[in-house]
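K.L.:
Quick one: structure below, then a few questions.
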Amino acid sequence: MSLRITSFEQYQEVYRQSVDDPDGFWDGVAREFVWQRPYDEVCRWEFDTPDVKWFVGGQLNITENALDRHIPTRGEERALLWEPNDPKVPSRTMTYRELLAETCRFANALKALGVGKGDRVILYMPMVPEMTVAVLACARIGAVHSVVFAGFSAKALADRIEDAQAKVVLTADGLNRGAKQVLLKPIVDEALAQVGCVQHVVVLRHLQAEVNMVMNRDCWWDHCVDGMPDHCHAVPMDSEDLLFILYTSGSTGKPKGVVHTCGGYMVYTAYTFQNVFQYEPGDVYWCTADLGWITGHSYIVYGPLLSGATTLMFEGIPTWPDAGRFWQVCQKWKVNQFYTAPTAIRSLMVSGTEPVLACDLTSLKVLGSVGEPINEEAWHWYHTHVGQGRCPVVDTWWQTETGGILLSGLGGLSPMKPAHAGLPLPGIQPVLLESNGQEIVESNTEGALCIKHPWPSMIRTTYGDHKRCREVYFSAFPGMYFTGDGAKRTADGMFRIIGRVDDVINVSGHRLGTAEIEDAINAHPAVVESAVVGFPHEVKGSGIHAFVICPDVGRDEADWQVEIVEVVSREIGKIAKPDRIQFVPGLPKTRSGKIMRRILRKVAEGQTGDLGDVSTLLDPSVVDAIIDGADRFKTGR
Ligand code: WTA
């Protein structure tokens, strides 16, 4: 199948059509898929409740579209390539026929464990083909998958299991990460000591590490699959039945479960995959994300497989065994489309161009960037050295909540501008708003980025708490989906993302809420209060600066810092460790008790010359103490 736009003029024409007649446009796209029952209506929506439904009344199974449908035409072609962490370990490949058979076998194994339509299954796994198989197996039988990034702590895992009320957890003995190994099963055991809903744990042997198995609860992956038939009926799903839940951080409270449904997600991820990356049959596509994030869901598994593509999954990290690993993998597999995060590019830039130039990268056609704004320096390095000046860079802006890419160039067709995500994809109607809701029409003016018309893969609800979905995304600007990002638009309509305007920070492309980190820090018994802000970090994009009130600190600051880092690692995971911990006598609060984060942000950025109006502070003197204390972070800024 091909949904691919092949010229810029065609994009302009299609875009116009998608705005003039959204239903007609999406109907045309959706017809490319296999529906077990045709839909009666393309879209029914209102953004007040909100209540959004796509392909209403239709029935489908996404795996039938991602696997079975391709068997007659490309059953023997490669669906999945797997590159291990250690280049000395053999890689693996699976054809579409093999991937379908493995999916069915695991789907049957899940059924034997009592998993059925609507049950929630948590995956806490290494980046191995079995994880893709398991995701698809859930979808095959209508179970709702929820992948938890395997860098999260036992506590964070337990919170997600509890919120999803998961019946089964899929995990492994452990994972490889560069030179390190991380044992996962003990983390799962610790999490399960805190929750009661899980009936079974399926454990994959990956490291051959010793594992504690709990009788009647835990079973080995290979035992579960052994003897299972390689056929499994693809359960009919309503378009709006849940496909998956993915937890993501917000401004307040605990991470929320973003809900995506079957029909719209299928249509949108396939459509955007083919257009943004300009994927052509036979190409090898590689996205370096982890399946624990939305990028892995939409653009390692679903988008590519729905398009009959060859998708590469990588277990390792960019810098091990050396800083040439990415480029060696590109050379080995003759990768055509390469999709990574700015933080990875920046971490490789420090090693110079030698590792890049040592590899044959002539297969590359399109380069992608995702997860955070890409700075111009990184953009040019990527374009010039990796893309040899000939590959277009697509800077794809989107979110867990959007399900797929909303703003981006189409590889090679659209104009590019460094650090600009570019134009809206067909069907996407972005607007920039002033804080009073007024639409900004003039160019180069920053505003809140909102979307005024639904698109098929948008968030449907936050699991178990629809009110929260409404409050977070649909109440700031009535009638609009609010993204939480600030952006500008050039005179020719290209968007530049400035960054989050809420209390979410992007650390190495990982999304974290400042409130969630504060809660973790406050879990230390000696901490009275804390406030966390982001600050510009050369490699990570944003670093984490924690201001902490801890009266007992005294002379042993370093010891306390270690303890606080430990507590954050325990509560959330190592990815949320503060880069800086500053003990302060107080926090800048207004008379009504609200922390003025604006001031803390300025201090963390080292811009203390211009703190703005501090007259509403309860005790302006704390600001001086905070500024003094931040002095020591100035070196290396
Ligand atoms: C940021 C990741 C600038 C943005 C797919 C967004 C970006 C948040 C870009 C979502 C980009 C993502 N340019 N910023 N190309 N892509 N972001 O949910 O702030 O992990 O709101 O989804 O990442 O992060 P999430």
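We name chains A, B, ... following the order of the structure tokens; residues begin at 1 in each chain, and ligands are numbered from 1 as shown.
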Give the residue list for ligand 1 at 8 Å, counting only C-alpha atoms and all ligand atoms, as a ChimeraX atom specification, sorted by chain and then by residue number.

P.N.:
/A:248-249,293-295,369-374,395-401,404-405,407-408,419-421,483-485,496-500,505-506,509-511

K.L.:
Would you mind exporting N, CA and C atoms of the selected residues as a CSV table (one decimal), in the first residue's frame?

P.N.:
chain,number,residue,atom,x,y,z
A,248,THR,N,2.8,9.1,31.2
A,248,THR,CA,3.7,10.2,30.9
A,248,THR,C,3.6,11.3,31.9
A,249,SER,N,4.7,12.0,32.1
A,249,SER,CA,4.7,13.0,33.2
A,249,SER,C,3.9,14.3,32.8
A,293,TRP,N,8.8,4.5,25.3
A,293,TRP,CA,8.3,5.8,25.0
A,293,TRP,C,7.4,5.7,23.8
A,294,ILE,N,6.7,6.8,23.6
A,294,ILE,CA,5.7,6.8,22.5
A,294,ILE,C,6.4,6.7,21.2
A,295,THR,N,7.6,7.2,21.1
A,295,THR,CA,8.3,7.2,19.8
A,295,THR,C,8.6,5.7,19.4
A,369,SER,N,14.7,13.8,13.7
A,369,SER,CA,15.0,14.2,15.1
A,369,SER,C,13.7,14.3,15.9
A,370,VAL,N,13.8,13.9,17.1
A,370,VAL,CA,12.5,13.9,17.9
A,370,VAL,C,12.8,14.1,19.4
A,371,GLY,N,11.9,14.7,20.1
A,371,GLY,CA,11.9,14.6,21.6
A,371,GLY,C,12.2,15.9,22.3
A,372,GLU,N,12.8,16.8,21.6
A,372,GLU,CA,13.2,18.1,22.2
A,372,GLU,C,13.6,19.0,21.0
A,373,PRO,N,13.7,20.3,21.3
A,373,PRO,CA,14.1,21.2,20.2
A,373,PRO,C,15.6,20.9,19.9
A,374,ILE,N,15.9,20.8,18.6
A,374,ILE,CA,17.3,20.6,18.2
A,374,ILE,C,17.9,21.9,18.0
A,395,ASP,N,12.6,17.4,11.4
A,395,ASP,CA,12.6,17.7,12.8
A,395,ASP,C,11.1,17.5,13.2
A,396,THR,N,10.8,16.3,13.8
A,396,THR,CA,9.4,15.9,14.1
A,396,THR,C,9.0,16.4,15.4
A,397,TRP,N,8.0,17.2,15.5
A,397,TRP,CA,7.4,17.6,16.8
A,397,TRP,C,6.1,16.8,17.0
A,398,TRP,N,6.1,16.3,18.2
A,398,TRP,CA,4.8,15.6,18.6
A,398,TRP,C,4.9,15.2,20.1
A,399,GLN,N,4.0,14.5,20.6
A,399,GLN,CA,3.9,14.2,22.0
A,399,GLN,C,3.3,12.8,22.3
A,400,THR,N,3.4,12.3,23.5
A,400,THR,CA,2.8,11.0,23.9
A,400,THR,C,1.3,11.2,23.6
A,401,GLU,N,0.7,12.3,23.9
A,401,GLU,CA,-0.7,12.5,23.7
A,401,GLU,C,-1.1,12.6,22.3
A,404,GLY,N,1.1,10.6,17.2
A,404,GLY,CA,2.0,10.6,16.0
A,404,GLY,C,2.5,12.0,15.8
A,405,ILE,N,3.3,12.1,14.8
A,405,ILE,CA,4.0,13.4,14.4
A,405,ILE,C,3.0,14.4,13.9
A,407,LEU,N,3.9,18.1,13.5
A,407,LEU,CA,4.6,19.1,12.7
A,407,LEU,C,5.9,18.5,12.3
A,408,SER,N,6.2,18.6,11.0
A,408,SER,CA,7.5,18.1,10.5
A,408,SER,C,7.5,18.3,9.0
A,419,ALA,N,16.5,24.0,13.3
A,419,ALA,CA,15.8,24.3,14.6
A,419,ALA,C,14.3,24.6,14.4
A,420,HIS,N,13.8,24.4,13.2
A,420,HIS,CA,12.3,24.5,13.0
A,420,HIS,C,11.7,23.2,12.6
A,421,ALA,N,10.6,22.9,13.4
A,421,ALA,CA,10.0,21.6,13.1
A,421,ALA,C,9.3,21.7,11.7
A,483,THR,N,-1.2,22.0,23.9
A,483,THR,CA,0.0,21.1,23.9
A,483,THR,C,0.9,21.2,25.1
A,484,GLY,N,0.9,22.4,25.8
A,484,GLY,CA,1.9,22.6,26.8
A,484,GLY,C,3.2,23.2,26.3
A,485,ASP,N,3.3,23.3,25.0
A,485,ASP,CA,4.5,23.9,24.4
A,485,ASP,C,4.2,25.4,23.9
A,496,ARG,N,8.5,26.9,14.9
A,496,ARG,CA,9.7,26.7,15.7
A,496,ARG,C,9.2,26.5,17.2
A,497,ILE,N,9.5,25.3,17.7
A,497,ILE,CA,9.1,25.0,19.1
A,497,ILE,C,10.1,25.6,20.1
A,498,ILE,N,9.6,26.4,21.0
A,498,ILE,CA,10.4,27.1,22.0
A,498,ILE,C,10.7,26.1,23.1
A,499,GLY,N,9.6,25.4,23.5
A,499,GLY,CA,9.8,24.5,24.7
A,499,GLY,C,8.5,24.5,25.5
A,500,ARG,N,8.6,23.8,26.6
A,500,ARG,CA,7.4,23.7,27.5
A,500,ARG,C,7.1,25.0,28.2
A,505,ILE,N,9.8,19.1,32.2
A,505,ILE,CA,11.1,19.4,31.6
A,505,ILE,C,11.5,18.1,30.8
A,506,ASN,N,12.3,18.4,29.8
A,506,ASN,CA,12.8,17.4,28.9
A,506,ASN,C,14.3,17.1,29.2
A,509,GLY,N,15.8,14.2,26.4
A,509,GLY,CA,14.6,13.7,25.6
A,509,GLY,C,13.6,12.9,26.5
A,510,HIS,N,13.9,12.7,27.7
A,510,HIS,CA,12.9,12.0,28.6
A,510,HIS,C,12.1,13.1,29.3
A,511,ARG,N,10.8,12.8,29.3
A,511,ARG,CA,9.9,13.8,29.8
A,511,ARG,C,9.6,13.6,31.3

K.L.:
Residues near Arg598 in chain A, anyone? I mean within 12 Å using only C-alpha atoms, not counting same-chain ones fewer than 2 positions away, as JSON, numbers by chain.

P.N.:
{"A": [501, 502, 503, 531, 532, 533, 534, 535, 587, 588, 589, 590, 594, 595, 596, 600, 601, 602, 603, 604, 605, 607, 608, 610, 611, 612, 613, 614, 623]}

K.L.:
Take the residues from that selection and write them out as a JSON list (two decimals), in the first residue's frame, keeping N, CA and C atoms.

P.N.:
[["chain", "number", "residue", "atom", "x", "y", "z"],
["A", 501, "VAL", "N", 5.83, 25.30, 28.28],
["A", 501, "VAL", "CA", 5.45, 26.49, 29.04],
["A", 501, "VAL", "C", 4.87, 26.08, 30.39],
["A", 502, "ASP", "N", 4.86, 24.77, 30.66],
["A", 502, "ASP", "CA", 4.35, 24.30, 31.95],
["A", 502, "ASP", "C", 5.52, 23.75, 32.77],
["A", 503, "ASP", "N", 5.21, 22.99, 33.79],
["A", 503, "ASP", "CA", 6.27, 22.50, 34.66],
["A", 503, "ASP", "C", 6.75, 21.10, 34.27],
["A", 531, "ALA", "N", 12.01, 22.59, 45.52],
["A", 531, "ALA", "CA", 11.48, 23.09, 44.25],
["A", 531, "ALA", "C", 12.48, 22.75, 43.17],
["A", 532, "VAL", "N", 11.97, 22.23, 42.05],
["A", 532, "VAL", "CA", 12.84, 21.77, 40.97],
["A", 532, "VAL", "C", 12.55, 22.58, 39.71],
["A", 533, "VAL", "N", 13.62, 22.99, 39.04],
["A", 533, "VAL", "CA", 13.45, 23.65, 37.74],
["A", 533, "VAL", "C", 14.47, 23.07, 36.76],
["A", 534, "GLY", "N", 14.23, 23.32, 35.48],
["A", 534, "GLY", "CA", 15.19, 22.89, 34.47],
["A", 534, "GLY", "C", 16.18, 24.02, 34.21],
["A", 535, "PHE", "N", 17.36, 23.66, 33.71],
["A", 535, "PHE", "CA", 18.31, 24.69, 33.27],
["A", 535, "PHE", "C", 18.98, 24.18, 32.00],
["A", 587, "LEU", "N", 12.31, 29.18, 50.24],
["A", 587, "LEU", "CA", 12.00, 29.27, 48.82],
["A", 587, "LEU", "C", 11.26, 30.58, 48.58],
["A", 588, "PRO", "N", 11.44, 31.17, 47.40],
["A", 588, "PRO", "CA", 10.78, 32.45, 47.14],
["A", 588, "PRO", "C", 9.27, 32.26, 46.96],
["A", 589, "LYS", "N", 8.53, 32.60, 48.00],
["A", 589, "LYS", "CA", 7.08, 32.39, 47.94],
["A", 589, "LYS", "C", 6.32, 33.70, 47.98],
["A", 590, "THR", "N", 5.21, 33.70, 47.31],
["A", 590, "THR", "CA", 4.33, 34.87, 47.37],
["A", 590, "THR", "C", 3.59, 34.81, 48.71],
["A", 594, "LYS", "N", 2.56, 30.65, 47.09],
["A", 594, "LYS", "CA", 2.94, 30.02, 45.83],
["A", 594, "LYS", "C", 4.43, 30.24, 45.55],
["A", 595, "ILE", "N", 5.12, 29.19, 45.16],
["A", 595, "ILE", "CA", 6.54, 29.34, 44.85],
["A", 595, "ILE", "C", 6.68, 30.08, 43.52],
["A", 596, "MET", "N", 7.52, 31.12, 43.52],
["A", 596, "MET", "CA", 7.75, 31.85, 42.25],
["A", 596, "MET", "C", 8.86, 31.16, 41.47],
["A", 600, "LEU", "N", 13.38, 31.07, 40.42],
["A", 600, "LEU", "CA", 14.28, 29.93, 40.52],
["A", 600, "LEU", "C", 14.85, 29.56, 39.15],
["A", 601, "ARG", "N", 14.02, 29.68, 38.13],
["A", 601, "ARG", "CA", 14.51, 29.37, 36.78],
["A", 601, "ARG", "C", 15.64, 30.31, 36.39],
["A", 602, "LYS", "N", 15.44, 31.60, 36.69],
["A", 602, "LYS", "CA", 16.46, 32.60, 36.35],
["A", 602, "LYS", "C", 17.76, 32.29, 37.10],
["A", 603, "VAL", "N", 17.63, 31.95, 38.38],
["A", 603, "VAL", "CA", 18.82, 31.64, 39.17],
["A", 603, "VAL", "C", 19.54, 30.43, 38.56],
["A", 604, "ALA", "N", 18.77, 29.41, 38.23],
["A", 604, "ALA", "CA", 19.37, 28.19, 37.67],
["A", 604, "ALA", "C", 20.04, 28.48, 36.32],
["A", 605, "GLU", "N", 19.47, 29.43, 35.58],
["A", 605, "GLU", "CA", 20.06, 29.80, 34.29],
["A", 605, "GLU", "C", 21.24, 30.74, 34.45],
["A", 607, "GLN", "N", 20.95, 33.83, 35.33],
["A", 607, "GLN", "CA", 20.56, 35.19, 34.91],
["A", 607, "GLN", "C", 19.98, 35.96, 36.08],
["A", 608, "THR", "N", 20.83, 36.22, 37.07],
["A", 608, "THR", "CA", 20.31, 36.83, 38.29],
["A", 608, "THR", "C", 20.24, 38.34, 38.20],
["A", 610, "ASP", "N", 18.45, 40.02, 36.23],
["A", 610, "ASP", "CA", 17.12, 40.49, 35.87],
["A", 610, "ASP", "C", 16.06, 39.53, 36.42],
["A", 611, "LEU", "N", 15.74, 39.73, 37.68],
["A", 611, "LEU", "CA", 14.79, 38.80, 38.31],
["A", 611, "LEU", "C", 13.35, 39.28, 38.22],
["A", 612, "GLY", "N", 13.18, 40.47, 37.64],
["A", 612, "GLY", "CA", 11.82, 41.01, 37.53],
["A", 612, "GLY", "C", 11.31, 41.46, 38.90],
["A", 613, "ASP", "N", 10.01, 41.56, 38.97],
["A", 613, "ASP", "CA", 9.38, 42.10, 40.17],
["A", 613, "ASP", "C", 9.38, 41.07, 41.30],
["A", 614, "VAL", "N", 10.06, 41.39, 42.42],
["A", 614, "VAL", "CA", 10.06, 40.44, 43.54],
["A", 614, "VAL", "C", 9.29, 41.01, 44.73],
["A", 623, "VAL", "N", 15.87, 35.40, 48.43],
["A", 623, "VAL", "CA", 16.39, 35.42, 47.06],
["A", 623, "VAL", "C", 17.90, 35.64, 47.05]]

K.L.:
I want to know what sits within 9 Å of Ile517 in chain A, based on only C-alpha atoms, with residues of the same chain fewer than 6 positions away left out; could you give that as an NGL selection string?

P.N.:
:A and (531-532 or 546 or 568 or 571-572 or 576-578)

K.L.:
So that I can see what lies close to range 308-314 of chain A, please list as a ChimeraX atom specification the residues with an atom at most 7 Å from it, counting only C-alpha atoms and leaving out residues fewer than 5 positions away in the same chain.

P.N.:
/A:70,78-84,127,281,283-288,300

K.L.:
Near range 473-476 of chain A, within 9 Å and counting only C-alpha atoms, which residues show up once chain neighbours fewer than 4 positions away are dropped, as number ranges by chain?

P.N.:
A: 47-50, 435, 437, 468-469, 480-484

K.L.:
Excluding Glu377 in chain A and any residue of its chain fewer than 3 positions from it, enumerate the residues within 10 Å of it, using only C-alpha atoms, and give them as a list of chain:residue names.

P.N.:
A:Arg346, A:Met349, A:Ile374, A:His380, A:Trp381, A:Tyr382, A:His383, A:Pro418, A:Ala419

K.L.:
For CA of Ala191 in chain A and CA of Glu162 in chain A, determine how far apart the two atoms are, in Å to one decimal place.

P.N.:
9.7 Å

K.L.:
Which is closer to Arg92 in chain A than all the others in A:Arg4, A:Gly253, A:Glu315, A:Ser298, using only C-alpha atoms?

P.N.:
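Of all the options, A:Glu315 lies closest to Arg92 in chain A.
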
K.L.:
Pick out the residues sitting within 10 Å of Cys219 in chain A, and hand them over as a ChimeraX atom specification; count only C-alpha atoms, and ignore anything fewer than 3 positions along from it in its own chain.

P.N.:
/A:113,170,200-204,213-216,222-224

K.L.:
The selected residues should be written to file as a compact mmCIF listing (two decimals), in the first residue's frame (atoms: N, CA and C atoms).

P.N.:
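The resulting file, result_14.txt, is reproduced below:
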# COMPACT_ATOMS: atom_id res chain seq x y z
N LEU A 113 -2.82 -17.91 29.99
CA LEU A 113 -2.66 -17.34 31.34
C LEU A 113 -3.93 -16.61 31.79
N LEU A 170 5.06 -8.62 32.00
CA LEU A 170 6.04 -9.31 31.16
C LEU A 170 7.39 -8.66 31.41
N HIS A 200 0.07 -13.04 37.12
CA HIS A 200 1.20 -13.78 36.54
C HIS A 200 2.31 -12.86 36.07
N VAL A 201 3.54 -13.38 36.15
CA VAL A 201 4.70 -12.68 35.62
C VAL A 201 5.38 -13.63 34.64
N VAL A 202 5.60 -13.17 33.44
CA VAL A 202 6.29 -13.99 32.45
C VAL A 202 7.71 -13.44 32.31
N VAL A 203 8.69 -14.34 32.46
CA VAL A 203 10.08 -13.89 32.53
C VAL A 203 10.89 -14.44 31.35
N LEU A 204 11.47 -13.52 30.61
CA LEU A 204 12.31 -13.90 29.47
C LEU A 204 13.75 -14.08 29.96
N MET A 213 12.09 -17.20 41.22
CA MET A 213 10.76 -17.38 40.63
C MET A 213 9.75 -17.67 41.74
N VAL A 214 8.63 -16.99 41.69
CA VAL A 214 7.59 -17.18 42.71
C VAL A 214 6.60 -18.23 42.20
N MET A 215 6.41 -19.26 42.98
CA MET A 215 5.54 -20.37 42.56
C MET A 215 4.12 -19.89 42.28
N ASN A 216 3.53 -20.46 41.27
CA ASN A 216 2.14 -20.17 40.85
C ASN A 216 1.93 -18.75 40.34
N ASP A 222 9.83 -19.01 27.61
CA ASP A 222 9.88 -20.13 26.66
C ASP A 222 8.94 -21.26 27.06
N HIS A 223 8.75 -21.46 28.36
CA HIS A 223 7.80 -22.50 28.78
C HIS A 223 6.38 -22.12 28.38
N CYS A 224 6.07 -20.84 28.54
CA CYS A 224 4.71 -20.39 28.21
C CYS A 224 4.41 -20.55 26.71

K.L.:
Give me, as number ranges by chain, the residues of range 116-228 of chain A that a backbone DSSP run labels alpha helix (DSSP H).

P.N.:
A: 129-141, 154-164, 185-192, 221-225

K.L.:
With N, CA, C and O atoms retained, could you export that selection as a CSV table (one decimal), in the first residue's frame?

P.N.:
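Saved as out_19.csv:
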chain,number,residue,atom,x,y,z
A,129,PRO,N,13.5,-8.4,20.5
A,129,PRO,CA,12.4,-8.7,19.6
A,129,PRO,C,11.2,-9.2,20.3
A,129,PRO,O,10.0,-8.9,19.9
A,130,GLU,N,11.4,-9.9,21.4
A,130,GLU,CA,10.3,-10.5,22.2
A,130,GLU,C,9.4,-9.3,22.7
A,130,GLU,O,8.2,-9.5,22.9
A,131,MET,N,9.9,-8.2,22.9
A,131,MET,CA,9.1,-7.1,23.4
A,131,MET,C,8.1,-6.6,22.3
A,131,MET,O,6.9,-6.4,22.5
A,132,THR,N,8.6,-6.5,21.1
A,132,THR,CA,7.7,-6.2,19.9
A,132,THR,C,6.7,-7.3,19.8
A,132,THR,O,5.5,-7.0,19.6
A,133,VAL,N,7.1,-8.5,19.8
A,133,VAL,CA,6.2,-9.7,19.7
A,133,VAL,C,5.1,-9.6,20.8
A,133,VAL,O,3.9,-9.7,20.5
A,134,ALA,N,5.5,-9.2,22.0
A,134,ALA,CA,4.5,-9.2,23.1
A,134,ALA,C,3.5,-8.0,22.9
A,134,ALA,O,2.3,-8.2,23.2
A,135,VAL,N,4.0,-6.9,22.5
A,135,VAL,CA,3.1,-5.8,22.2
A,135,VAL,C,2.0,-6.2,21.2
A,135,VAL,O,0.8,-6.0,21.4
A,136,LEU,N,2.5,-6.8,20.1
A,136,LEU,CA,1.6,-7.2,19.1
A,136,LEU,C,0.7,-8.3,19.5
A,136,LEU,O,-0.5,-8.3,19.2
A,137,ALA,N,1.2,-9.2,20.4
A,137,ALA,CA,0.4,-10.3,20.9
A,137,ALA,C,-0.8,-9.8,21.7
A,137,ALA,O,-1.9,-10.3,21.7
A,138,CYS,N,-0.5,-8.7,22.5
A,138,CYS,CA,-1.6,-8.1,23.3
A,138,CYS,C,-2.7,-7.6,22.4
A,138,CYS,O,-3.9,-7.8,22.5
A,139,ALA,N,-2.2,-6.8,21.4
A,139,ALA,CA,-3.1,-6.2,20.4
A,139,ALA,C,-3.9,-7.3,19.7
A,139,ALA,O,-5.1,-7.1,19.3
A,140,ARG,N,-3.3,-8.4,19.4
A,140,ARG,CA,-4.0,-9.5,18.7
A,140,ARG,C,-5.2,-10.0,19.5
A,140,ARG,O,-6.2,-10.3,18.9
A,141,ILE,N,-5.1,-10.1,20.8
A,141,ILE,CA,-6.2,-10.6,21.6
A,141,ILE,C,-7.0,-9.5,22.3
A,141,ILE,O,-7.9,-9.8,23.1
A,154,ALA,N,11.3,0.5,41.0
A,154,ALA,CA,10.3,-0.4,41.4
A,154,ALA,C,9.0,0.4,41.9
A,154,ALA,O,7.9,0.0,41.6
A,155,LYS,N,9.3,1.5,42.5
A,155,LYS,CA,8.2,2.3,43.0
A,155,LYS,C,7.4,2.9,41.8
A,155,LYS,O,6.1,2.8,41.8
A,156,ALA,N,8.1,3.4,40.8
A,156,ALA,CA,7.4,4.0,39.7
A,156,ALA,C,6.7,2.9,38.9
A,156,ALA,O,5.5,3.1,38.4
A,157,LEU,N,7.3,1.7,38.8
A,157,LEU,CA,6.6,0.6,38.2
A,157,LEU,C,5.3,0.2,38.9
A,157,LEU,O,4.3,0.0,38.3
A,158,ALA,N,5.5,0.1,40.2
A,158,ALA,CA,4.3,-0.3,41.1
A,158,ALA,C,3.2,0.7,40.9
A,158,ALA,O,2.0,0.3,40.8
A,159,ASP,N,3.5,2.0,40.8
A,159,ASP,CA,2.4,3.0,40.6
A,159,ASP,C,1.7,2.8,39.4
A,159,ASP,O,0.4,2.9,39.3
A,160,ARG,N,2.4,2.4,38.3
A,160,ARG,CA,1.8,2.2,37.0
A,160,ARG,C,1.0,0.9,37.0
A,160,ARG,O,-0.1,0.9,36.4
A,161,ILE,N,1.5,-0.1,37.6
A,161,ILE,CA,0.8,-1.4,37.7
A,161,ILE,C,-0.5,-1.2,38.4
A,161,ILE,O,-1.6,-1.6,38.0
A,162,GLU,N,-0.4,-0.5,39.5
A,162,GLU,CA,-1.6,-0.2,40.3
A,162,GLU,C,-2.7,0.6,39.6
A,162,GLU,O,-3.8,0.3,39.5
A,163,ASP,N,-2.2,1.7,38.9
A,163,ASP,CA,-3.1,2.6,38.2
A,163,ASP,C,-3.8,1.8,37.1
A,163,ASP,O,-5.0,2.0,36.9
A,164,ALA,N,-3.1,1.0,36.4
A,164,ALA,CA,-3.6,0.2,35.3
A,164,ALA,C,-4.4,-1.0,35.7
A,164,ALA,O,-5.1,-1.6,35.0
A,185,LYS,N,14.2,-8.5,37.0
A,185,LYS,CA,13.3,-9.3,37.8
A,185,LYS,C,13.2,-8.9,39.3
A,185,LYS,O,12.1,-8.8,39.8
A,186,PRO,N,14.3,-8.6,39.9
A,186,PRO,CA,14.2,-8.1,41.3
A,186,PRO,C,13.4,-6.9,41.5
A,186,PRO,O,12.8,-6.6,42.5
A,187,ILE,N,13.5,-6.0,40.5
A,187,ILE,CA,12.8,-4.7,40.5
A,187,ILE,C,11.3,-5.1,40.4
A,187,ILE,O,10.5,-4.5,41.1
A,188,VAL,N,10.9,-6.0,39.5
A,188,VAL,CA,9.5,-6.4,39.4
A,188,VAL,C,9.0,-7.0,40.7
A,188,VAL,O,7.9,-6.7,41.2
A,189,ASP,N,9.9,-7.8,41.3
A,189,ASP,CA,9.5,-8.5,42.6
A,189,ASP,C,9.2,-7.4,43.6
A,189,ASP,O,8.2,-7.5,44.4
A,190,GLU,N,10.1,-6.4,43.7
A,190,GLU,CA,9.9,-5.3,44.7
A,190,GLU,C,8.6,-4.6,44.4
A,190,GLU,O,7.9,-4.2,45.3
A,191,ALA,N,8.4,-4.3,43.1
A,191,ALA,CA,7.1,-3.6,42.8
A,191,ALA,C,5.9,-4.4,43.2
A,191,ALA,O,4.9,-3.9,43.7
A,192,LEU,N,6.0,-5.7,42.9
A,192,LEU,CA,4.8,-6.5,43.1
A,192,LEU,C,4.5,-6.7,44.6
A,192,LEU,O,3.4,-7.1,45.0
A,221,TRP,N,9.2,-17.5,30.0
A,221,TRP,CA,8.7,-17.1,28.7
A,221,TRP,C,8.7,-18.3,27.7
A,221,TRP,O,7.6,-18.6,27.1
A,222,ASP,N,9.8,-19.0,27.6
A,222,ASP,CA,9.9,-20.1,26.7
A,222,ASP,C,8.9,-21.3,27.1
A,222,ASP,O,8.3,-21.9,26.2
A,223,HIS,N,8.8,-21.5,28.4
A,223,HIS,CA,7.8,-22.5,28.8
A,223,HIS,C,6.4,-22.1,28.4
A,223,HIS,O,5.6,-23.0,28.0
A,224,CYS,N,6.1,-20.8,28.5
A,224,CYS,CA,4.7,-20.4,28.2
A,224,CYS,C,4.4,-20.6,26.7
A,224,CYS,O,3.3,-20.9,26.3
A,225,VAL,N,5.4,-20.3,25.9
A,225,VAL,CA,5.2,-20.3,24.5
A,225,VAL,C,5.3,-21.7,23.9
A,225,VAL,O,4.7,-22.0,22.9

K.L.:
Interatomic distance between CA of Cys43 in chain A and CA of Tyr279 in chain A?

P.N.:
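CA of Tyr279 in chain A lies at a distance of 27.6 Å from CA of Cys43 in chain A.
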
K.L.:
Quick one: pull the distance between CA of Gly58 in chain A and CA of Asp238 in chain A, Å, one decimal.

P.N.:
5.9 Å

K.L.:
Among range 140-364 of chain A, which residues carry a DSSP assignment of strand (DSSP E), reported as an NGL selection string?

P.N.:
:A and (144-147 or 168-172 or 174-177 or 180-183 or 200-204 or 218-220 or 237-238 or 242-248 or 256-261 or 284-287 or 310-314 or 337-340)

K.L.:
Using only C-alpha atoms, which of the listed residues (A:Val350, A:Val258, A:Leu207, A:Leu184) sits closest to His145 in chain A?

P.N.:
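For His145 in chain A, the nearest of the given residues is A:Val258.
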